[in-house]
Amino acid sequence: MDGMDRDDQRWAVTPRPDTRPGPLAPVNPQQLMQRGANLTRRAVGLGVLALLSILGAGVLIVALVFLGLGLANGSTIAGILMAVVLLLGVLGTVWTVRRAGTLIKPEELPAAPTAVPAAQGTPLALPADTGAVEATLLQTLRTHERPLSAPARAAFHATVIATRDAVRVTAGDAEMNRDAFDARQAAREDLPELMSAYRAVRKSEQTEAQLLEQLQLIHARMSRINAERAAVRQDKLAAHGHYLREKYQGETDE
């Protein structure tokens, strides 16, 4: 039974691949109009060329007949003119054939421009706007610090300083990243909007507590950015010191 099953599988008819042509590509009406205009122009050109060829051949035949009669009567000039006419006839025939070939050959339509897809995952460049961001932050500080209570003013000052430092430590980044975005967002929008919203409400212990809480959120994020960048700089400094020790102390020991 197993042998029969294997034979059946061996001789089983495999389905033939579908070789039918797929759906036709959509037709561009503008290309159809351009192709029709080209065909019309070539047809008119061939008609004019055929008419000129017939007229030229008729004139050539008549000239050869008269010059042949003159040559038969012993005229040397008639013989020279006949040679010139024959040469012109050959040149005219060559030009006519080449021109007809040019008109018959179909012209290639220019390919439709294809849209180049936008690069995905390309990092955005970090704008060189540190000065403008710090100016916005300073303006926010001067506008909103005066009416604050002592605890709120201290928290506001600490948050502004932490945000300024975060903007500065991320200014040297080669591309936009989360830290740089958060620092600029805090300086340009989060802090000004928070202080404007607090200034628009009636002052109470509840509203001041909400202000302190939100300032603490911004301050914590900015402080984390500063601490992480400080650790990176410290690691770079330590690595550079290790490199120098390996380079110079190693040579001294040798």
# chains A, B, ... in the order shown; residues from 1 in each chain; ligands from 1
$ residues_around --residues "Asp129 (chain A)" --least-positions-apart "3" --cutoff "10 Å" --atoms "only C-alpha atoms" --output "count of residues only"
8
$ select_by_dssp --residues "region 46-200 of chain A" --states "alpha helix (DSSP H)" --output "count of residues only"
108
$ closest_residue --among "A:Gly89, A:Gly45, A:Pro192, A:Gly250" --to "Thr143 (chain A)" --atoms "only C-alpha atoms"
A:Pro192
$ closest_atom_pairs --of "region 218-237 of chain A" --to "region 144-161 of chain A" --cutoff "10 Å" --atoms "only C-alpha atoms" --output "tab-separated table"
residue	atom	partner	partner_atom	distance
A:Ile218	CA	A:Thr159	CA	6.8
A:His219	CA	A:Thr159	CA	4.7
A:Ala220	CA	A:Thr159	CA	8.5
A:Arg221	CA	A:Thr159	CA	9.7
A:Met222	CA	A:Thr159	CA	7.8
A:Ser223	CA	A:Thr159	CA	8.7
$ closest_residue --among "A:Ala57, A:Thr140, A:Leu86, A:Leu49" --to "Ile104 (chain A)" --atoms "only C-alpha atoms"
A:Leu49
$ closest_residue --among "A:Val90, A:Leu71, A:Val84, A:Leu237" --to "Gly56 (chain A)" --atoms "only C-alpha atoms"
A:Val90
